[in-house]
$ cat start_36.txt   # compact mmCIF, C-alpha atoms (C1' of nucleotides)
# COMPACT_ATOMS: atom_id res chain seq x y z
CA MET L 19 28.42 -1.92 7.62
CA PRO L 20 31.12 -0.29 9.76
CA PRO L 21 32.35 -1.85 13.01
CA ASP L 22 30.68 -0.78 16.21
CA PRO L 23 31.97 2.50 17.50
CA ALA L 24 33.62 2.24 20.87
CA SER L 25 31.08 4.25 22.73
CA LEU L 26 27.37 3.90 23.05
CA PRO L 27 25.02 6.53 21.76
CA GLU L 28 24.17 7.74 25.23
CA ALA L 29 27.10 7.80 27.58
CA SER L 30 24.82 7.82 30.58
CA HIS L 31 23.27 4.56 29.57
CA ASP L 32 24.73 1.26 30.63
CA HIS L 33 23.86 -1.14 27.92
CA ARG L 34 24.72 -4.17 30.05
CA VAL L 35 21.81 -3.34 32.29
CA CYS L 36 19.47 -3.18 29.32
CA LEU L 37 20.84 -6.47 28.10
CA THR L 38 20.29 -8.19 31.40
CA SER L 39 16.76 -6.98 31.76
CA LEU L 40 16.02 -7.81 28.16
CA LEU L 41 17.13 -11.38 28.74
CA GLU L 42 15.04 -11.62 31.87
CA HIS L 43 12.09 -10.30 29.95
CA ALA L 44 12.75 -12.83 27.21
CA GLU L 45 12.81 -15.69 29.69
CA ALA L 46 9.54 -14.49 31.18
CA VAL L 47 7.85 -14.13 27.81
CA CYS L 48 8.91 -17.57 26.69
CA GLN L 49 7.86 -19.15 29.96
CA ARG L 50 4.47 -17.50 29.77
CA ARG L 51 4.01 -18.62 26.20
CA GLN L 52 5.29 -22.11 26.79
CA VAL L 53 7.96 -21.85 24.18
CA ARG L 54 11.62 -22.63 24.64
CA LEU L 55 14.35 -20.07 24.76
CA THR L 56 17.08 -22.56 24.00
CA GLN L 57 20.77 -21.90 24.38
CA GLN L 58 21.10 -21.19 20.71
CA ARG L 59 18.18 -18.81 20.54
CA ARG L 60 19.30 -17.07 23.66
CA GLN L 61 22.76 -16.64 22.24
CA VAL L 62 21.41 -15.10 19.05
CA LEU L 63 19.28 -12.77 21.10
CA GLU L 64 22.32 -11.78 23.16
CA ILE L 65 24.31 -11.06 20.04
CA VAL L 66 21.59 -8.97 18.50
CA ALA L 67 20.91 -7.14 21.73
CA SER L 68 24.57 -6.49 22.39
CA SER L 69 24.89 -4.52 19.22
CA HIS L 70 23.36 -1.11 19.29
CA ILE L 71 23.25 -1.13 15.52
CA PRO L 72 21.30 -3.58 13.36
CA LEU L 73 23.13 -6.73 12.38
CA GLY L 74 22.77 -8.80 9.24
CA ALA L 75 22.13 -12.50 9.62
CA TYR L 76 25.64 -13.34 8.51
CA GLU L 77 27.18 -10.93 10.97
CA ILE L 78 25.25 -12.68 13.69
CA LEU L 79 26.51 -15.96 12.30
CA GLU L 80 30.12 -14.83 12.56
CA ARG L 81 29.68 -13.80 16.14
CA LEU L 82 28.05 -17.12 16.88
CA ASP L 83 31.13 -19.15 16.12
CA GLY L 84 33.25 -18.74 19.16
CA ALA L 85 36.39 -20.67 18.45
CA LYS L 86 34.15 -23.45 17.15
CA LYS L 87 33.32 -24.29 13.62
CA ARG L 88 30.91 -22.18 11.64
CA LYS L 89 27.26 -23.08 11.70
CA ALA L 90 24.91 -23.00 8.73
CA PRO L 91 23.11 -19.72 8.00
CA ILE L 92 19.77 -21.35 8.55
CA THR L 93 20.66 -21.77 12.19
CA VAL L 94 20.62 -18.03 12.58
CA TYR L 95 17.52 -17.54 10.48
CA ARG L 96 15.64 -20.10 12.51
CA ALA L 97 16.59 -18.46 15.75
CA LEU L 98 15.67 -15.05 14.36
CA ASP L 99 12.30 -16.32 13.16
CA PHE L 100 11.61 -17.61 16.63
CA LEU L 101 12.71 -14.39 18.29
CA MET L 102 10.63 -12.30 15.91
CA GLU L 103 7.59 -14.43 16.66
CA GLN L 104 8.07 -13.70 20.33
CA GLY L 105 8.47 -10.00 19.59
CA LEU L 106 12.00 -9.97 20.92
CA VAL L 107 13.66 -9.03 17.67
CA HIS L 108 12.62 -6.86 14.74
CA ARG L 109 13.66 -7.14 11.15
CA LEU L 110 14.42 -3.94 9.28
CA ALA L 111 13.34 -4.51 5.71
CA SER L 112 15.20 -1.50 4.38
CA LEU L 113 18.49 -2.87 5.70
CA ASN L 114 17.99 -6.63 5.67
CA ALA L 115 19.10 -6.50 9.26
CA PHE L 116 17.88 -7.31 12.73
CA ILE L 117 17.65 -5.44 15.97
CA ALA L 118 16.56 -6.39 19.46
CA CYS L 119 13.36 -4.99 20.83
CA PHE L 120 13.87 -3.34 24.18
CA HIS L 121 10.22 -2.44 24.53
CA GLU L 122 8.22 -4.83 26.64
CA SER L 123 4.91 -4.00 25.03
CA VAL L 124 2.27 -6.48 24.01
CA ASP L 125 1.71 -4.88 20.64
CA HIS L 126 4.68 -5.32 18.39
CA THR L 127 3.69 -2.71 15.88
CA ALA L 128 6.59 -0.33 15.65
CA GLN L 129 8.26 2.35 13.62
CA PHE L 130 11.97 2.94 13.26
CA PHE L 131 14.22 5.94 12.85
CA ILE L 132 17.50 4.81 11.37
CA CYS L 133 20.51 7.11 11.38
CA ARG L 134 22.35 6.90 8.08
CA GLU L 135 25.58 8.05 9.72
CA CYS L 136 25.98 6.04 12.89
CA HIS L 137 23.32 3.43 12.10
CA THR L 138 21.68 3.65 15.48
CA VAL L 139 18.01 2.85 15.46
CA ALA L 140 15.28 4.40 17.54
CA GLU L 141 12.19 2.28 17.92
CA LEU L 142 8.84 4.00 18.37
CA HIS L 143 5.37 2.85 19.11
CA SER L 144 3.64 5.80 17.63
CA ALA L 145 -0.11 5.92 17.95
CA ARG L 146 0.01 9.03 15.81
CA VAL L 147 1.57 7.22 12.89
CA THR L 148 -0.65 4.20 13.26
CA HIS L 149 -3.76 6.37 13.40
CA ALA L 150 -2.68 8.30 10.37
CA LEU L 151 -2.17 5.08 8.46
CA ARG L 152 -5.43 3.68 9.71
CA LYS L 153 -7.29 6.74 8.50
CA ASP L 154 -5.72 6.61 5.07
CA ALA L 155 -6.33 2.88 4.92
CA LYS L 156 -9.98 3.36 5.74
CA ALA L 157 -10.30 5.98 3.03
CA ALA L 158 -8.74 3.55 0.57
CA GLY L 159 -10.89 0.64 1.73
CA PHE L 160 -7.76 -1.18 2.81
CA ARG L 161 -7.68 -3.53 5.78
CA MET L 162 -4.35 -2.96 7.52
CA ASP L 163 -2.41 -5.87 8.75
CA GLU L 164 1.23 -5.10 9.37
CA GLN L 165 3.17 -1.94 8.85
CA THR L 166 6.75 -1.47 7.78
CA VAL L 167 7.71 2.04 8.76
CA GLU L 168 11.40 2.82 8.55
CA VAL L 169 12.66 6.36 8.32
CA SER L 170 16.24 7.10 7.42
CA GLY L 171 17.88 10.35 8.38
CA LEU L 172 20.20 11.76 10.99
CA CYS L 173 19.95 11.17 14.71
CA SER L 174 20.36 14.11 17.06
CA HIS L 175 23.96 13.20 17.67
CA CYS L 176 24.94 13.10 14.01
CA ALA L 177 22.82 16.00 12.78
CA MET O 22 4.71 -14.54 -6.95
CA PRO O 23 1.65 -15.71 -8.88
CA PRO O 24 1.12 -14.80 -12.53
CA ASP O 25 -0.85 -11.69 -13.29
CA PRO O 26 -4.56 -12.24 -13.10
CA ALA O 27 -6.33 -11.69 -16.36
CA SER O 28 -8.29 -8.69 -15.28
CA LEU O 29 -7.17 -5.42 -13.85
CA PRO O 30 -8.19 -4.27 -10.38
CA GLU O 31 -10.60 -1.74 -11.76
CA ALA O 32 -12.52 -2.87 -14.78
CA SER O 33 -13.34 0.68 -15.74
CA HIS O 34 -9.70 1.55 -15.99
CA ASP O 35 -7.79 1.10 -19.21
CA HIS O 36 -4.26 0.43 -18.18
CA ARG O 37 -2.90 1.07 -21.66
CA VAL O 38 -3.93 4.68 -21.36
CA CYS O 39 -2.09 4.99 -18.06
CA LEU O 40 0.91 3.37 -19.63
CA THR O 41 0.96 5.74 -22.55
CA SER O 42 0.65 8.80 -20.41
CA LEU O 43 3.24 7.47 -18.00
CA LEU O 44 5.70 7.07 -20.85
CA GLU O 45 4.95 10.55 -22.10
CA HIS O 46 5.50 11.86 -18.61
CA ALA O 47 8.76 9.96 -18.39
CA GLU O 48 9.99 11.45 -21.65
CA ALA O 49 9.11 14.91 -20.42
CA VAL O 50 10.80 14.43 -17.07
CA CYS O 51 13.98 13.15 -18.65
CA GLN O 52 14.04 15.91 -21.23
CA ARG O 53 13.58 18.53 -18.56
CA ARG O 54 16.33 17.01 -16.46
CA GLN O 55 18.70 16.49 -19.35
CA VAL O 56 19.02 12.79 -18.73
CA ARG O 57 18.55 10.06 -21.25
CA LEU O 58 15.64 7.71 -21.34
CA THR O 59 17.42 5.16 -23.49
CA GLN O 60 15.74 2.28 -25.22
CA GLN O 61 16.77 -0.09 -22.48
CA ARG O 62 15.58 2.11 -19.66
CA ARG O 63 12.36 2.80 -21.43
CA GLN O 64 11.78 -0.87 -21.96
CA VAL O 65 12.31 -1.62 -18.27
CA LEU O 66 9.91 1.15 -17.39
CA GLU O 67 7.35 -0.29 -19.78
CA ILE O 68 7.70 -3.73 -18.25
CA VAL O 69 7.34 -2.43 -14.72
CA ALA O 70 4.45 -0.18 -15.64
CA SER O 71 2.66 -2.90 -17.55
CA SER O 72 2.42 -5.04 -14.47
CA HIS O 73 -0.13 -3.94 -11.94
CA ILE O 74 1.70 -5.94 -9.30
CA PRO O 75 5.28 -5.36 -8.18
CA LEU O 76 7.95 -7.24 -10.10
CA GLY O 77 11.26 -8.56 -8.86
CA ALA O 78 14.38 -7.61 -10.77
CA TYR O 79 14.73 -11.10 -12.18
CA GLU O 80 11.12 -11.13 -13.35
CA ILE O 81 11.82 -7.93 -15.20
CA LEU O 82 14.93 -9.54 -16.61
CA GLU O 83 12.93 -12.46 -17.98
CA ARG O 84 10.49 -10.16 -19.67
CA LEU O 85 13.36 -8.18 -21.14
CA ASP O 86 14.66 -11.03 -23.25
CA GLY O 87 12.37 -11.13 -26.19
CA ALA O 88 13.50 -14.04 -28.26
CA LYS O 89 17.03 -12.77 -27.74
CA LYS O 90 19.61 -13.99 -25.34
CA ARG O 91 19.36 -13.22 -21.66
CA LYS O 92 21.01 -10.08 -20.36
CA ALA O 93 22.92 -9.79 -17.11
CA PRO O 94 20.97 -8.87 -13.97
CA ILE O 95 22.95 -5.71 -13.55
CA THR O 96 21.38 -4.42 -16.73
CA VAL O 97 18.04 -4.37 -14.99
CA TYR O 98 19.40 -2.97 -11.76
CA ARG O 99 21.10 -0.15 -13.60
CA ALA O 100 17.93 0.76 -15.40
CA LEU O 101 15.95 0.56 -12.18
CA ASP O 102 18.44 2.78 -10.37
CA PHE O 103 18.07 5.33 -13.11
CA LEU O 104 14.29 5.16 -13.08
CA MET O 105 14.17 5.45 -9.30
CA GLU O 106 16.40 8.52 -9.44
CA GLN O 107 13.92 10.10 -11.81
CA GLY O 108 11.04 9.15 -9.54
CA LEU O 109 9.49 6.93 -12.18
CA VAL O 110 9.79 3.70 -10.27
CA HIS O 111 9.59 2.82 -6.60
CA ARG O 112 11.26 -0.01 -4.80
CA LEU O 113 9.26 -1.87 -2.19
CA ALA O 114 11.71 -2.92 0.49
CA SER O 115 9.35 -5.37 2.09
CA LEU O 116 9.03 -7.30 -1.16
CA ASN O 117 12.33 -6.69 -2.90
CA ALA O 118 10.25 -5.62 -5.82
CA PHE O 119 9.60 -2.66 -8.04
CA ILE O 120 6.55 -0.77 -9.17
CA ALA O 121 6.00 2.11 -11.53
CA CYS O 122 4.97 5.45 -10.16
CA PHE O 123 1.86 6.77 -11.82
CA HIS O 124 1.83 9.96 -9.80
CA GLU O 125 3.36 12.91 -11.53
CA SER O 126 4.27 14.75 -8.36
CA VAL O 127 7.51 16.53 -7.70
CA ASP O 128 7.90 15.05 -4.26
CA HIS O 129 8.56 11.36 -4.42
CA THR O 130 7.77 10.64 -0.81
CA ALA O 131 5.15 7.96 -0.80
CA GLN O 132 3.46 5.27 1.21
CA PHE O 133 2.20 1.94 -0.02
CA PHE O 134 -0.70 -0.34 0.77
CA ILE O 135 0.12 -3.81 -0.43
CA CYS O 136 -2.55 -6.48 -0.67
CA ARG O 137 -1.25 -9.79 0.56
CA GLU O 138 -3.83 -11.65 -1.53
CA CYS O 139 -3.79 -10.12 -4.98
CA HIS O 140 -0.54 -8.18 -4.55
CA THR O 141 -1.92 -4.97 -5.92
CA VAL O 142 -0.31 -1.87 -4.55
CA ALA O 143 -1.91 1.45 -3.80
CA GLU O 144 0.48 4.36 -3.68
CA LEU O 145 -0.34 7.28 -1.41
CA HIS O 146 1.12 10.67 -0.86
CA SER O 147 -0.22 11.10 2.59
CA ALA O 148 0.47 14.41 4.26
CA ARG O 149 -1.13 12.93 7.36
CA VAL O 150 1.41 10.15 7.63
CA THR O 151 4.32 12.41 6.80
CA HIS O 152 3.22 14.94 9.40
CA ALA O 153 2.82 12.25 12.01
CA LEU O 154 6.30 10.99 11.31
CA ARG O 155 7.69 14.49 11.26
CA LYS O 156 6.20 15.20 14.65
CA ASP O 157 7.59 12.04 16.16
CA ALA O 158 10.93 12.71 14.53
CA LYS O 159 11.05 16.17 15.99
CA ALA O 160 10.29 14.80 19.43
CA ALA O 161 13.12 12.33 19.03
CA GLY O 162 15.52 14.93 17.66
CA PHE O 163 15.71 13.01 14.44
CA ARG O 164 16.18 14.71 11.08
CA MET O 165 14.02 12.83 8.58
CA ASP O 166 15.38 12.02 5.22
CA GLU O 167 13.51 9.29 3.45
CA GLN O 168 10.62 7.19 4.59
CA THR O 169 9.85 3.58 3.85
CA VAL O 170 6.18 3.09 4.64
CA GLU O 171 4.70 -0.16 3.42
CA VAL O 172 1.52 -1.55 4.88
CA SER O 173 0.45 -5.07 4.13
CA GLY O 174 -3.16 -6.13 4.42
CA LEU O 175 -6.17 -6.71 2.26
CA CYS O 176 -7.43 -4.43 -0.46
CA SER O 177 -11.12 -3.66 -0.70
CA HIS O 178 -11.56 -6.25 -3.37
CA CYS O 179 -9.97 -9.09 -1.40
CA ALA O 180 -11.27 -8.19 2.06
C1' DC Y 2 11.04 -45.82 32.50
C1' DA Y 3 9.60 -46.71 27.83
C1' DC Y 4 7.25 -45.09 24.17
C1' DG Y 5 5.73 -42.18 20.67
C1' DA Y 6 5.00 -37.42 19.42
C1' DT Y 7 6.73 -33.02 18.98
C1' DT Y 8 10.20 -29.67 18.69
C1' DA Y 9 14.88 -28.20 17.79
C1' DT Y 10 19.17 -28.63 15.47
C1' DG Y 11 22.50 -30.43 11.93
C1' DT Y 12 23.83 -30.91 7.14
C1' DT Y 13 23.94 -30.24 2.39
C1' DA Y 14 22.33 -28.00 -1.28
C1' DT Y 15 20.23 -24.39 -3.65
C1' DA Y 16 17.28 -20.28 -4.57
C1' DG Y 17 16.90 -15.44 -4.77
C1' DT Y 18 18.73 -10.61 -4.62
C1' DA Y 19 22.31 -7.37 -5.74
C1' DT Y 20 26.90 -5.46 -6.83
C1' DC Y 21 31.98 -5.16 -8.49
C1' DA Y 22 35.44 -4.54 -11.88
C1' DC Y 23 36.88 -3.86 -16.16
C1' DA Y 24 36.10 -3.66 -21.31
C1' DA Y 25 33.60 -2.00 -25.24
C1' DA Y 26 30.38 0.94 -27.43
C1' DA Y 27 27.60 4.96 -28.00
C1' DA Y 28 26.60 9.77 -27.39
C1' DA Y 29 27.93 14.45 -26.23
C1' DA Y 30 31.14 18.24 -25.91
C1' DT Y 31 35.08 20.60 -27.50
C1' DA N 29 38.07 14.53 -35.45
C1' DT N 30 39.28 13.87 -30.97
C1' DT N 31 38.46 13.84 -26.26
C1' DT N 32 35.29 13.22 -22.58
C1' DT N 33 31.35 11.38 -20.56
C1' DT N 34 27.76 8.20 -20.32
C1' DT N 35 25.83 3.84 -21.21
C1' DT N 36 26.01 -0.98 -21.95
C1' DG N 37 28.33 -5.65 -22.09
C1' DT N 38 30.55 -9.40 -19.77
C1' DG N 39 32.00 -12.42 -16.25
C1' DA N 40 32.55 -13.07 -11.70
C1' DT N 41 31.13 -12.78 -7.11
C1' DA N 42 28.89 -11.17 -2.76
C1' DC N 43 25.03 -11.12 0.03
C1' DT N 44 20.46 -12.76 1.73
C1' DA N 45 17.39 -16.54 2.56
C1' DT N 46 15.14 -21.07 2.28
C1' DA N 47 14.30 -26.24 0.99
C1' DA N 48 14.72 -30.93 2.07
C1' DC N 49 15.82 -34.44 4.77
C1' DA N 50 18.44 -36.57 8.74
C1' DT N 51 19.48 -36.62 13.60
C1' DA N 52 19.02 -35.30 18.29
C1' DA N 53 16.82 -33.39 22.23
C1' DT N 54 12.67 -32.62 24.88
C1' DC N 55 7.97 -33.42 26.34
C1' DG N 56 3.84 -35.78 27.59
C1' DT N 57 1.70 -39.90 28.73
C1' DG N 58 0.88 -44.67 30.05

$ encode --input "start_36.txt" --output "structure tokens"
Amino acid sequence: MPPDPASLPEASHDHRVCLTSLLEHAEAVCQRRQVRLTQQRRQVLEIVASSHIPLGAYEILERLDGAKKRKAPITVYRALDFLMEQGLVHRLASLNAFIACFHESVDHTAQFFICRECHTVAELHSARVTHALRKDAKAAGFRMDEQTVEVSGLCSHCA
Amino acid sequence: MPPDPASLPEASHDHRVCLTSLLEHAEAVCQRRQVRLTQQRRQVLEIVASSHIPLGAYEILERLDGAKKRKAPITVYRALDFLMEQGLVHRLASLNAFIACFHESVDHTAQFFICRECHTVAELHSARVTHALRKDAKAAGFRMDEQTVEVSGLCSHCA
DNA sequence: CACGATTATGTTATAGTATCACAAAAAAAT
DNA sequence: ATTTTTTTGTGATACTATAACATAATCGTG
């Protein structure tokens, strides 16, 4: 995976604002649910959310060591598991990578458009896709549980 | 992953017939495309196609050693890469596993319903899903390339 | 506060998935 | 027959993820 490009996908968009409000949202969610957003978990969330492209667990791990000594991989996986449970982070199965969720929805069913050039990810909550799947599932007698919908292609910027 | 159950998902369905016609189809495809379905590739295809549940690369590897000595993992990955290029095998990203494609279509865009109980996989070619994605992609200015659509849930038998 | 229960983190080891690099062999093209 | 291309062998290694058990921090309650 290439290093982050210097500029953000949308110049007009100040990612620090997103980050701040994401963290506030995270605090609120955890408070409501009576679970703990510890320093470590918060830090992992910050790292994931600060990258506009998906990060692998070991990339997160690297960024976790400040000047200090390296932690064990499981540290990161545990934090990610927690964050995914709270719907604050998504895992992209096609990339073995993780991305923060900037949508404050209750339902964490999502679809992803992943640019194969710049690696930016657009997250959707598409009723259209879910309905289509639901219809096909019904026809097949299949009881849907979770969907993994990841589309690779070119974002508008790279196309 | 549990061992294969003794019986096939549909009792009425003779999997050996599928297997035979799949292999014939594979031969035809490779002949048409001027690529070689070598003994090794064919054997991997047979292994994948003989299992009605997805197999990991290392499971395929185990079944590849007859009484002979174990081959290197890359052997299997190379064969799988070839078979996927020919559209004869699909990789399921959510499982890190592989399944044979019994559909003889030209377009290898597919969706999968994966039973979390019995691990059977139903492969779809759903125009509905593809259209839904295409519409959302258009709205997002995203040029679709390949889709990874894997739904986990319960098949009619397990529900 | 003391206590036990629960939750989170540390530590070490290991399992599971996938690819690289280079050599040898087999098949195809000339 | 020789060159070229493709396939396979071989050994090493990278990358992704979890198990098992110990320690530490936090919480709830008396």

$ calpha_fit_and_write --input "start_36.txt" --fixed "chain O" --moving "chain L" --output "short mmCIF file (atom, residue, chain, number, x, y, z; two decimals) with C-alpha atoms, keeping the file's coordinate frame"
data_model
loop_
_atom_site.label_atom_id
_atom_site.label_comp_id
_atom_site.auth_asym_id
_atom_site.auth_seq_id
_atom_site.Cartn_x
_atom_site.Cartn_y
_atom_site.Cartn_z
CA MET L 19 4.81 -14.53 -6.85
CA PRO L 20 1.74 -15.69 -8.78
CA PRO L 21 1.20 -14.83 -12.46
CA ASP L 22 -0.79 -11.74 -13.26
CA PRO L 23 -4.49 -12.30 -13.03
CA ALA L 24 -6.29 -11.80 -16.30
CA SER L 25 -8.22 -8.78 -15.26
CA LEU L 26 -7.13 -5.49 -13.84
CA PRO L 27 -8.14 -4.40 -10.39
CA GLU L 28 -10.59 -1.85 -11.71
CA ALA L 29 -12.50 -3.00 -14.74
CA SER L 30 -13.35 0.55 -15.67
CA HIS L 31 -9.73 1.47 -15.95
CA ASP L 32 -7.82 1.03 -19.16
CA HIS L 33 -4.29 0.41 -18.15
CA ARG L 34 -2.96 1.04 -21.66
CA VAL L 35 -3.98 4.65 -21.32
CA CYS L 36 -2.12 4.95 -18.04
CA LEU L 37 0.89 3.33 -19.63
CA THR L 38 0.92 5.70 -22.55
CA SER L 39 0.62 8.77 -20.41
CA LEU L 40 3.21 7.45 -18.02
CA LEU L 41 5.67 7.06 -20.87
CA GLU L 42 4.92 10.53 -22.12
CA HIS L 43 5.47 11.86 -18.64
CA ALA L 44 8.73 9.94 -18.44
CA GLU L 45 9.95 11.43 -21.70
CA ALA L 46 9.07 14.90 -20.47
CA VAL L 47 10.79 14.43 -17.13
CA CYS L 48 13.95 13.13 -18.72
CA GLN L 49 14.00 15.90 -21.29
CA ARG L 50 13.56 18.52 -18.61
CA ARG L 51 16.31 17.00 -16.53
CA GLN L 52 18.65 16.46 -19.43
CA VAL L 53 18.99 12.79 -18.81
CA ARG L 54 18.50 10.04 -21.35
CA LEU L 55 15.59 7.68 -21.40
CA THR L 56 17.35 5.14 -23.55
CA GLN L 57 15.68 2.24 -25.28
CA GLN L 58 16.73 -0.10 -22.54
CA ARG L 59 15.55 2.10 -19.72
CA ARG L 60 12.32 2.78 -21.48
CA GLN L 61 11.75 -0.91 -21.98
CA VAL L 62 12.30 -1.63 -18.30
CA LEU L 63 9.91 1.14 -17.42
CA GLU L 64 7.33 -0.32 -19.80
CA ILE L 65 7.69 -3.73 -18.25
CA VAL L 66 7.35 -2.44 -14.74
CA ALA L 67 4.45 -0.20 -15.65
CA SER L 68 2.66 -2.92 -17.55
CA SER L 69 2.41 -5.05 -14.48
CA HIS L 70 -0.11 -3.93 -11.95
CA ILE L 71 1.72 -5.92 -9.32
CA PRO L 72 5.31 -5.34 -8.18
CA LEU L 73 7.96 -7.22 -10.09
CA GLY L 74 11.29 -8.53 -8.86
CA ALA L 75 14.39 -7.57 -10.78
CA TYR L 76 14.73 -11.06 -12.19
CA GLU L 77 11.14 -11.13 -13.36
CA ILE L 78 11.82 -7.92 -15.21
CA LEU L 79 14.93 -9.54 -16.63
CA GLU L 80 12.93 -12.47 -17.98
CA ARG L 81 10.48 -10.19 -19.67
CA LEU L 82 13.35 -8.23 -21.15
CA ASP L 83 14.64 -11.10 -23.23
CA GLY L 84 12.31 -11.21 -26.15
CA ALA L 85 13.48 -14.11 -28.23
CA LYS L 86 17.01 -12.80 -27.72
CA LYS L 87 19.60 -14.00 -25.33
CA ARG L 88 19.37 -13.21 -21.66
CA LYS L 89 21.03 -10.08 -20.39
CA ALA L 90 22.96 -9.77 -17.14
CA PRO L 91 21.00 -8.86 -14.00
CA ILE L 92 22.96 -5.68 -13.61
CA THR L 93 21.37 -4.39 -16.77
CA VAL L 94 18.04 -4.36 -15.03
CA TYR L 95 19.41 -2.97 -11.80
CA ARG L 96 21.08 -0.14 -13.63
CA ALA L 97 17.92 0.76 -15.45
CA LEU L 98 15.94 0.56 -12.22
CA ASP L 99 18.43 2.78 -10.42
CA PHE L 100 18.06 5.34 -13.15
CA LEU L 101 14.28 5.16 -13.12
CA MET L 102 14.17 5.45 -9.34
CA GLU L 103 16.38 8.52 -9.50
CA GLN L 104 13.91 10.10 -11.87
CA GLY L 105 11.03 9.15 -9.58
CA LEU L 106 9.48 6.94 -12.22
CA VAL L 107 9.81 3.71 -10.30
CA HIS L 108 9.63 2.84 -6.61
CA ARG L 109 11.30 0.01 -4.80
CA LEU L 110 9.29 -1.84 -2.18
CA ALA L 111 11.73 -2.87 0.50
CA SER L 112 9.35 -5.33 2.10
CA LEU L 113 9.05 -7.26 -1.15
CA ASN L 114 12.36 -6.64 -2.89
CA ALA L 115 10.27 -5.60 -5.84
CA PHE L 116 9.62 -2.62 -8.06
CA ILE L 117 6.57 -0.76 -9.17
CA ALA L 118 5.99 2.13 -11.54
CA CYS L 119 4.98 5.47 -10.16
CA PHE L 120 1.87 6.79 -11.84
CA HIS L 121 1.88 9.97 -9.80
CA GLU L 122 3.40 12.94 -11.54
CA SER L 123 4.30 14.76 -8.36
CA VAL L 124 7.55 16.54 -7.69
CA ASP L 125 7.94 15.06 -4.24
CA HIS L 126 8.62 11.37 -4.39
CA THR L 127 7.85 10.66 -0.78
CA ALA L 128 5.22 7.98 -0.78
CA GLN L 129 3.49 5.32 1.22
CA PHE L 130 2.22 1.99 -0.04
CA PHE L 131 -0.68 -0.28 0.74
CA ILE L 132 0.14 -3.76 -0.46
CA CYS L 133 -2.57 -6.39 -0.72
CA ARG L 134 -1.30 -9.73 0.53
CA GLU L 135 -3.87 -11.58 -1.58
CA CYS L 136 -3.78 -10.06 -5.03
CA HIS L 137 -0.52 -8.12 -4.57
CA THR L 138 -1.89 -4.91 -5.97
CA VAL L 139 -0.28 -1.82 -4.57
CA ALA L 140 -1.87 1.51 -3.83
CA GLU L 141 0.52 4.42 -3.71
CA LEU L 142 -0.29 7.35 -1.45
CA HIS L 143 1.21 10.72 -0.86
CA SER L 144 -0.14 11.17 2.58
CA ALA L 145 0.56 14.46 4.27
CA ARG L 146 -1.08 13.00 7.34
CA VAL L 147 1.43 10.20 7.62
CA THR L 148 4.37 12.43 6.84
CA HIS L 149 3.26 14.97 9.44
CA ALA L 150 2.79 12.29 12.02
CA LEU L 151 6.28 11.00 11.36
CA ARG L 152 7.70 14.48 11.36
CA LYS L 153 6.17 15.19 14.74
CA ASP L 154 7.50 12.00 16.26
CA ALA L 155 10.87 12.64 14.67
CA LYS L 156 11.01 16.10 16.16
CA ALA L 157 10.16 14.72 19.58
CA ALA L 158 12.98 12.21 19.20
CA GLY L 159 15.43 14.81 17.91
CA PHE L 160 15.66 12.90 14.65
CA ARG L 161 16.21 14.61 11.32
CA MET L 162 14.06 12.76 8.79
CA ASP L 163 15.44 11.99 5.43
CA GLU L 164 13.58 9.26 3.63
CA GLN L 165 10.66 7.18 4.72
CA THR L 166 9.86 3.58 3.94
CA VAL L 167 6.19 3.11 4.67
CA GLU L 168 4.70 -0.12 3.41
CA VAL L 169 1.50 -1.50 4.84
CA SER L 170 0.39 -5.02 4.09
CA GLY L 171 -3.22 -6.05 4.36
CA LEU L 172 -6.23 -6.62 2.18
CA CYS L 173 -7.43 -4.33 -0.57
CA SER L 174 -11.13 -3.55 -0.82
CA HIS L 175 -11.56 -6.16 -3.50
CA CYS L 176 -10.00 -8.98 -1.52
CA ALA L 177 -11.32 -8.06 1.92
#

$ residues_around --input "start_36.txt" --residues "DA52 in chain N" --least-positions-apart "6" --cutoff "10 Å" --atoms "all atoms listed in the file" --output "JSON, numbers by chain"
{"Y": [9, 10, 11]}

$ closest_atom_pairs --input "start_36.txt" --of "chain L" --to "chain N" --cutoff "9 Å" --atoms "only C-alpha atoms (C1' of nucleotides)" --output "JSON lines"
{"residue": "L:Gly74", "atom": "CA", "partner": "N:DT44", "partner_atom": "C1'", "distance": 8.8}
{"residue": "L:Ala75", "atom": "CA", "partner": "N:DT44", "partner_atom": "C1'", "distance": 8.1}
{"residue": "L:Tyr76", "atom": "CA", "partner": "N:DT44", "partner_atom": "C1'", "distance": 8.6}
{"residue": "L:Pro91", "atom": "CA", "partner": "N:DA45", "partner_atom": "C1'", "distance": 8.5}
{"residue": "L:Ile92", "atom": "CA", "partner": "N:DT46", "partner_atom": "C1'", "distance": 7.8}
{"residue": "L:Tyr95", "atom": "CA", "partner": "N:DA45", "partner_atom": "C1'", "distance": 8.0}
{"residue": "L:Asn114", "atom": "CA", "partner": "N:DT44", "partner_atom": "C1'", "distance": 7.7}

$ closest_atom_pairs --input "start_36.txt" --of "chain L" --to "chain Y" --cutoff "10 Å" --atoms "all atoms listed in the file" --output "CSV"
residue,atom,partner,partner_atom,distance
L:Val53,CA,Y:DT8,C1',9.8
L:Arg54,CA,Y:DT8,C1',9.3
L:Thr56,CA,Y:DA9,C1',8.7
L:Gln58,CA,Y:DT10,C1',9.3
L:Lys89,CA,Y:DG11,C1',8.8
L:Ala90,CA,Y:DT12,C1',8.1
L:Thr93,CA,Y:DT10,C1',7.7
L:Arg96,CA,Y:DT10,C1',9.7

$ write_last_selection --input "start_36.txt" --atoms "C-alpha atoms" --output "tab-separated table (two decimals), in the coordinates of the input"
chain	number	residue	atom	x	y	z
L	53	VAL	CA	7.96	-21.85	24.18
L	54	ARG	CA	11.62	-22.63	24.64
L	56	THR	CA	17.08	-22.56	24.00
L	58	GLN	CA	21.10	-21.19	20.71
L	89	LYS	CA	27.26	-23.08	11.70
L	90	ALA	CA	24.91	-23.00	8.73
L	93	THR	CA	20.66	-21.77	12.19
L	96	ARG	CA	15.64	-20.10	12.51
